[in-house]
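The structure appears below as structure tokens.
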Amino acid sequence: MTALEGALRPFAQIETLLVTTDYDGVVAPIVADPARAFPLPGTVDALLELAALPRVTVALVSGRDRTTLRSLSGAERPLVTVGSHGGEFDDQFTARELTPVRRELLTTVAGVLAEIAARYPGAVVETKPTSAALHVRNASGGWTAPGSPGAAALDEARHAAAALPGVYPTEGKAVLELAVIEASKGRALELLRDTTGAGGILYFGDDVTDERAFAVLRQPRDGGPDLGVKVGSGDTAAQYRVPDPEAVRDALRELLRLRTARD
């Protein structure tokens, strides 16, 4: 039995659960074309089955905009979808938050990033309801090495963000997102906890943006009930780690088995 499997046993006994996960790299394997990032077979099924159980809320919490997230994942109610790093909880959230001034700022941000992307072949800009993101994973010449074209594009975007008051940057793997409202996956989990009254949260994440989610968890090492699970390599505040999306699917199926047996 792995450490995570051992931790899932008492977690499954908590009265009210909140099961949450990032999408790309967790539910869906990372692929070169973001438009073809489809779920690993069986993972969404496990999430939906968990969501159908009494006193269990399940949410996908992604940097993707909510419309794209729902389209790619095939997620249906009662599965909750949270998009734009916590910037979109439902169809009304964006309309309340995005004032005319912020809409104008978002147009400016998207234009600045488009100008940067045009200078770096392979870089692309994704515009979302409350943010715009510069993606450099497919930039010609790479993005991981200092001084590479992709890294240079991200540096330009960082400098541009610093010159734009009211813009909130979020770093990810091969991406810099600039939002015009303050949002994070950590804030999203806190709002979901408050709304559902969950006694324990399980969160799976693979990216640096997920560290904000791990940071708000009350993890076992601190005497808390929550479980943070890092997917893949890299430094993390999560207490547990699994190697890949296949292991995430297995863990969700085990939690489903344990919770079903409890009920």
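Identifiers in this document derive from the order of the structure tokens: chains are assigned A, B, ..., residues are numbered from 1 separately in each chain, and ligands are numbered from 1 in order of occurrence.
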Residues near Gly83 of chain A, cut-off 6 Å, only C-alpha atoms, skip fewer than 5 positions along chain, as a list in words: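 Contacts, with the query itself left out: Ser62, Gly63, Arg64, Asp65, Arg66 and Glu88 of chain A.
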Quick one: everything within 8 Å of segment 31-40 of chain A, counting only C-alpha atoms, minus sequence neighbours fewer than 2 positions away in the same chain. Send it as a list of chain:residue names.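 With the cut-off at 8 Å, the set is A:Asp24, A:Val27, A:Ala28, A:Pro29, A:Gly42, A:Thr43, A:Val44, A:Leu72, A:Ser73, A:Arg137, A:Asn138, A:Pro245, A:Glu246.
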Return as a PyMOL selection string the full set of residues in segment 62-263 of chain A whose backbone-based DSSP assignment is strand (DSSP E or B). chain A and resi 80-83+88+124-127+131-135+168-172+175-179+200-205+227-231+240-242
When you count only C-alpha atoms, which of these residues is closest to Leu69 of chain A: A:Asp207, A:Gly147, A:Arg103, A:Asp22?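 Of all the options, A:Asp22 lies closest to Leu69 of chain A.
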Go through segment 182-228 of chain A and collect every residue that DSSP, computed from the backbone, puts in helix (DSSP H, G or I); the answer should be as a PyMOL selection string. chain A and resi 185-196+208-216+220-222
Output file for the selection above: N, CA and C atoms, as an mmCIF file, in the first residue's frame:
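Wrote it out as again_0.cif, contents follow:
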```cif
data_model
loop_
_atom_site.group_PDB
_atom_site.id
_atom_site.type_symbol
_atom_site.label_atom_id
_atom_site.label_comp_id
_atom_site.auth_asym_id
_atom_site.auth_seq_id
_atom_site.Cartn_x
_atom_site.Cartn_y
_atom_site.Cartn_z
ATOM 1 N N LYS A 185 -6.000 29.477 -7.787
ATOM 2 C CA LYS A 185 -6.607 28.195 -7.454
ATOM 3 C C LYS A 185 -6.768 28.045 -5.940
ATOM 4 N N GLY A 186 -5.879 28.683 -5.179
ATOM 5 C CA GLY A 186 -6.022 28.647 -3.730
ATOM 6 C C GLY A 186 -7.288 29.352 -3.279
ATOM 7 N N ARG A 187 -7.529 30.526 -3.839
ATOM 8 C CA ARG A 187 -8.757 31.257 -3.518
ATOM 9 C C ARG A 187 -9.977 30.437 -3.938
ATOM 10 N N ALA A 188 -9.873 29.770 -5.089
ATOM 11 C CA ALA A 188 -10.989 28.943 -5.551
ATOM 12 C C ALA A 188 -11.313 27.844 -4.551
ATOM 13 N N LEU A 189 -10.281 27.168 -4.025
ATOM 14 C CA LEU A 189 -10.529 26.096 -3.051
ATOM 15 C C LEU A 189 -11.152 26.641 -1.775
ATOM 16 N N GLU A 190 -10.689 27.814 -1.345
ATOM 17 C CA GLU A 190 -11.259 28.389 -0.129
ATOM 18 C C GLU A 190 -12.732 28.728 -0.311
ATOM 19 N N LEU A 191 -13.082 29.273 -1.484
ATOM 20 C CA LEU A 191 -14.483 29.580 -1.760
ATOM 21 C C LEU A 191 -15.324 28.307 -1.841
ATOM 22 N N LEU A 192 -14.782 27.276 -2.474
ATOM 23 C CA LEU A 192 -15.505 26.015 -2.559
ATOM 24 C C LEU A 192 -15.685 25.381 -1.179
ATOM 25 N N ARG A 193 -14.654 25.474 -0.350
ATOM 26 C CA ARG A 193 -14.765 24.916 1.016
ATOM 27 C C ARG A 193 -15.874 25.647 1.787
ATOM 28 N N ASP A 194 -15.858 26.988 1.699
ATOM 29 C CA ASP A 194 -16.871 27.770 2.419
ATOM 30 C C ASP A 194 -18.273 27.454 1.927
ATOM 31 N N THR A 195 -18.428 27.284 0.612
ATOM 32 C CA THR A 195 -19.745 27.055 0.023
ATOM 33 C C THR A 195 -20.294 25.676 0.364
ATOM 34 N N THR A 196 -19.420 24.664 0.324
ATOM 35 C CA THR A 196 -19.870 23.282 0.525
ATOM 36 C C THR A 196 -19.828 22.840 1.978
ATOM 37 N N VAL A 208 2.969 24.721 -11.546
ATOM 38 C CA VAL A 208 3.355 25.667 -10.498
ATOM 39 C C VAL A 208 2.144 26.461 -10.018
ATOM 40 N N THR A 209 1.130 26.649 -10.871
ATOM 41 C CA THR A 209 -0.073 27.358 -10.444
ATOM 42 C C THR A 209 -0.842 26.572 -9.379
ATOM 43 N N ASP A 210 -0.636 25.272 -9.323
ATOM 44 C CA ASP A 210 -1.323 24.449 -8.327
ATOM 45 C C ASP A 210 -0.727 24.606 -6.933
ATOM 46 N N GLU A 211 0.465 25.181 -6.853
ATOM 47 C CA GLU A 211 1.068 25.375 -5.530
ATOM 48 C C GLU A 211 0.245 26.327 -4.680
ATOM 49 N N ARG A 212 -0.468 27.267 -5.318
ATOM 50 C CA ARG A 212 -1.341 28.154 -4.548
ATOM 51 C C ARG A 212 -2.499 27.378 -3.933
ATOM 52 N N ALA A 213 -2.934 26.328 -4.617
ATOM 53 C CA ALA A 213 -3.983 25.476 -4.057
ATOM 54 C C ALA A 213 -3.427 24.647 -2.898
ATOM 55 N N PHE A 214 -2.250 24.043 -3.105
ATOM 56 C CA PHE A 214 -1.656 23.246 -2.037
ATOM 57 C C PHE A 214 -1.416 24.101 -0.786
ATOM 58 N N ALA A 215 -1.111 25.388 -0.994
ATOM 59 C CA ALA A 215 -0.754 26.256 0.134
ATOM 60 C C ALA A 215 -1.925 26.507 1.082
ATOM 61 N N VAL A 216 -3.163 26.375 0.601
ATOM 62 C CA VAL A 216 -4.309 26.648 1.474
ATOM 63 C C VAL A 216 -4.859 25.378 2.118
ATOM 64 N N PRO A 220 -2.122 16.765 6.445
ATOM 65 C CA PRO A 220 -1.881 15.899 7.603
ATOM 66 C C PRO A 220 -0.642 16.271 8.413
ATOM 67 N N ARG A 221 0.413 16.742 7.752
ATOM 68 C CA ARG A 221 1.625 17.086 8.510
ATOM 69 C C ARG A 221 1.369 18.243 9.473
ATOM 70 N N ASP A 222 0.292 19.028 9.190
ATOM 71 C CA ASP A 222 -0.078 20.141 10.059
ATOM 72 C C ASP A 222 -1.259 19.790 10.953
#
```
Can you list, as a PyMOL selection string, every protein, DNA or RNA residue that comes within 10 Å of Thr21 of chain A when you count only C-alpha atoms, leaving out same-chain residues fewer than 2 positions away? chain A and resi 19+23-24+26-27+47+58-62+202-206+210+213+228-229+248
I need the chosen residues saved as a compact mmCIF listing (two decimals), in the first residue's frame, with all heavy atoms.
```
# COMPACT_ATOMS: atom_id res chain seq x y z
N VAL A 19 -13.65 17.01 -3.53
CA VAL A 19 -12.62 16.37 -4.35
C VAL A 19 -12.35 17.29 -5.53
O VAL A 19 -13.26 17.60 -6.31
CB VAL A 19 -13.07 14.99 -4.84
CG1 VAL A 19 -12.00 14.34 -5.71
CG2 VAL A 19 -13.41 14.09 -3.65
N TYR A 23 -6.80 20.15 -14.52
CA TYR A 23 -7.19 19.40 -15.72
C TYR A 23 -5.97 18.93 -16.52
O TYR A 23 -5.67 17.74 -16.55
CB TYR A 23 -8.11 20.23 -16.60
CG TYR A 23 -8.59 19.48 -17.82
CD1 TYR A 23 -9.49 18.43 -17.70
CD2 TYR A 23 -8.10 19.78 -19.08
CE1 TYR A 23 -9.91 17.70 -18.81
CE2 TYR A 23 -8.51 19.07 -20.20
CZ TYR A 23 -9.41 18.03 -20.07
OH TYR A 23 -9.81 17.31 -21.16
N ASP A 24 -5.28 19.86 -17.16
CA ASP A 24 -4.14 19.49 -18.01
C ASP A 24 -3.01 18.89 -17.18
O ASP A 24 -2.59 19.46 -16.17
CB ASP A 24 -3.62 20.72 -18.77
CG ASP A 24 -4.61 21.20 -19.81
OD1 ASP A 24 -4.65 20.63 -20.91
OD2 ASP A 24 -5.37 22.17 -19.51
N VAL A 26 -3.21 16.23 -15.46
CA VAL A 26 -3.77 15.48 -14.33
C VAL A 26 -4.92 14.60 -14.79
O VAL A 26 -4.85 13.38 -14.74
CB VAL A 26 -4.22 16.45 -13.21
CG1 VAL A 26 -4.77 15.66 -12.02
CG2 VAL A 26 -3.08 17.35 -12.77
N VAL A 27 -5.98 15.23 -15.25
CA VAL A 27 -7.09 14.50 -15.85
C VAL A 27 -6.78 14.15 -17.30
O VAL A 27 -7.08 13.05 -17.78
CB VAL A 27 -8.39 15.33 -15.76
CG1 VAL A 27 -9.52 14.67 -16.54
CG2 VAL A 27 -8.79 15.52 -14.30
N LEU A 47 -14.74 10.70 -11.57
CA LEU A 47 -15.12 11.98 -10.96
C LEU A 47 -16.63 12.12 -10.90
O LEU A 47 -17.19 12.57 -9.89
CB LEU A 47 -14.51 13.13 -11.75
CG LEU A 47 -12.98 13.28 -11.67
CD1 LEU A 47 -12.49 14.31 -12.68
CD2 LEU A 47 -12.55 13.69 -10.26
N VAL A 58 -17.43 17.52 -6.28
CA VAL A 58 -16.26 17.30 -7.12
C VAL A 58 -16.11 18.46 -8.09
O VAL A 58 -17.09 18.87 -8.73
CB VAL A 58 -16.37 15.97 -7.90
CG1 VAL A 58 -15.10 15.74 -8.74
CG2 VAL A 58 -16.57 14.80 -6.94
N ALA A 59 -14.90 19.00 -8.20
CA ALA A 59 -14.68 20.17 -9.06
C ALA A 59 -13.41 20.03 -9.87
O ALA A 59 -12.38 19.60 -9.35
CB ALA A 59 -14.63 21.44 -8.23
N LEU A 60 -13.49 20.41 -11.15
CA LEU A 60 -12.31 20.61 -11.98
C LEU A 60 -11.92 22.07 -11.82
O LEU A 60 -12.73 22.98 -12.06
CB LEU A 60 -12.62 20.33 -13.45
CG LEU A 60 -12.88 18.88 -13.86
CD1 LEU A 60 -13.27 18.83 -15.34
CD2 LEU A 60 -11.64 18.03 -13.62
N VAL A 61 -10.67 22.32 -11.42
CA VAL A 61 -10.19 23.69 -11.19
C VAL A 61 -9.01 23.91 -12.14
O VAL A 61 -7.92 23.38 -11.92
CB VAL A 61 -9.76 23.90 -9.73
CG1 VAL A 61 -9.34 25.35 -9.51
CG2 VAL A 61 -10.89 23.52 -8.78
N SER A 62 -9.24 24.69 -13.19
CA SER A 62 -8.27 24.76 -14.28
C SER A 62 -7.93 26.19 -14.65
O SER A 62 -8.70 27.13 -14.38
CB SER A 62 -8.85 24.04 -15.51
OG SER A 62 -8.03 24.20 -16.64
N LEU A 202 -9.47 17.09 -1.13
CA LEU A 202 -8.43 16.37 -1.88
C LEU A 202 -8.16 17.17 -3.14
O LEU A 202 -9.10 17.50 -3.87
CB LEU A 202 -8.91 14.96 -2.24
CG LEU A 202 -8.06 14.16 -3.24
CD1 LEU A 202 -6.66 13.88 -2.67
CD2 LEU A 202 -8.76 12.84 -3.59
N TYR A 203 -6.88 17.50 -3.39
CA TYR A 203 -6.53 18.26 -4.60
C TYR A 203 -5.36 17.62 -5.32
O TYR A 203 -4.32 17.36 -4.71
CB TYR A 203 -6.20 19.71 -4.25
CG TYR A 203 -5.97 20.55 -5.51
CD1 TYR A 203 -7.04 21.02 -6.25
CD2 TYR A 203 -4.69 20.82 -5.97
CE1 TYR A 203 -6.85 21.74 -7.41
CE2 TYR A 203 -4.48 21.55 -7.13
CZ TYR A 203 -5.57 22.01 -7.85
OH TYR A 203 -5.38 22.72 -9.00
N PHE A 204 -5.53 17.40 -6.63
CA PHE A 204 -4.47 16.91 -7.50
C PHE A 204 -4.02 18.04 -8.42
O PHE A 204 -4.85 18.68 -9.07
CB PHE A 204 -4.97 15.76 -8.39
CG PHE A 204 -5.31 14.49 -7.68
CD1 PHE A 204 -6.61 14.24 -7.25
CD2 PHE A 204 -4.34 13.52 -7.47
CE1 PHE A 204 -6.93 13.05 -6.61
CE2 PHE A 204 -4.66 12.32 -6.83
CZ PHE A 204 -5.95 12.09 -6.40
N GLY A 205 -2.71 18.27 -8.52
CA GLY A 205 -2.20 19.28 -9.44
C GLY A 205 -0.79 18.98 -9.88
O GLY A 205 -0.03 18.35 -9.15
N ASP A 206 -0.44 19.46 -11.08
CA ASP A 206 0.90 19.16 -11.62
C ASP A 206 1.71 20.41 -11.92
O ASP A 206 2.92 20.32 -12.15
CB ASP A 206 0.77 18.36 -12.92
CG ASP A 206 0.33 19.23 -14.09
OD1 ASP A 206 -0.67 19.98 -13.94
OD2 ASP A 206 0.97 19.18 -15.15
N ASP A 210 -0.64 25.27 -9.32
CA ASP A 210 -1.32 24.45 -8.33
C ASP A 210 -0.73 24.61 -6.93
O ASP A 210 -1.35 24.20 -5.95
CB ASP A 210 -1.28 22.98 -8.75
CG ASP A 210 -2.03 22.74 -10.05
OD1 ASP A 210 -3.20 23.12 -10.13
OD2 ASP A 210 -1.42 22.21 -11.00
N ALA A 213 -2.93 26.33 -4.62
CA ALA A 213 -3.98 25.48 -4.06
C ALA A 213 -3.43 24.65 -2.90
O ALA A 213 -4.05 24.56 -1.83
CB ALA A 213 -4.55 24.57 -5.14
N GLY A 228 -3.08 16.95 -0.35
CA GLY A 228 -2.55 17.56 -1.56
C GLY A 228 -1.67 16.56 -2.28
O GLY A 228 -0.78 15.96 -1.67
N VAL A 229 -1.91 16.38 -3.59
CA VAL A 229 -1.19 15.36 -4.35
C VAL A 229 -0.54 16.01 -5.58
O VAL A 229 -1.24 16.49 -6.48
CB VAL A 229 -2.12 14.22 -4.80
CG1 VAL A 229 -1.30 13.11 -5.47
CG2 VAL A 229 -2.91 13.66 -3.62
N VAL A 248 -3.43 9.10 -11.02
CA VAL A 248 -4.55 9.92 -10.54
C VAL A 248 -5.86 9.15 -10.70
O VAL A 248 -6.68 9.07 -9.78
CB VAL A 248 -4.63 11.26 -11.30
CG1 VAL A 248 -5.88 12.03 -10.90
CG2 VAL A 248 -3.38 12.09 -11.04
```
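Closest approach to Ile14 of chain A among A:Pro41, A:Pro100, A:Gly172, A:Pro54: A:Pro54, based on only C-alpha atoms.
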For segment 240-243 of chain A, list every protein, DNA or RNA residue within 8 Å, evaluated using only C-alpha atoms, and leave out those in the same chain fewer than 6 positions away; present the list as a list in words. Ala3, Leu4, Leu227, Gly228, Val229, Lys230, Val231, Gly232 and Ser233 of chain A
Interatomic distance (Å, one decimal) between atom CA of Leu50 of chain A and atom CA of Ala237 of chain A: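 Spanning atom CA of Leu50 of chain A to atom CA of Ala237 of chain A is a straight-line distance of 25.5 Å.
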Could you work out how far atom CA of Asp155 of chain A lies from atom CA of Ala123 of chain A, giving the answer in Å with one decimal?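 Those two atoms sit 13.0 Å apart.
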Nearest residue to Ala12 of chain A out of A:Thr67, A:Val124, A:Leu53, A:Ala160, using only C-alpha atoms? A:Leu53
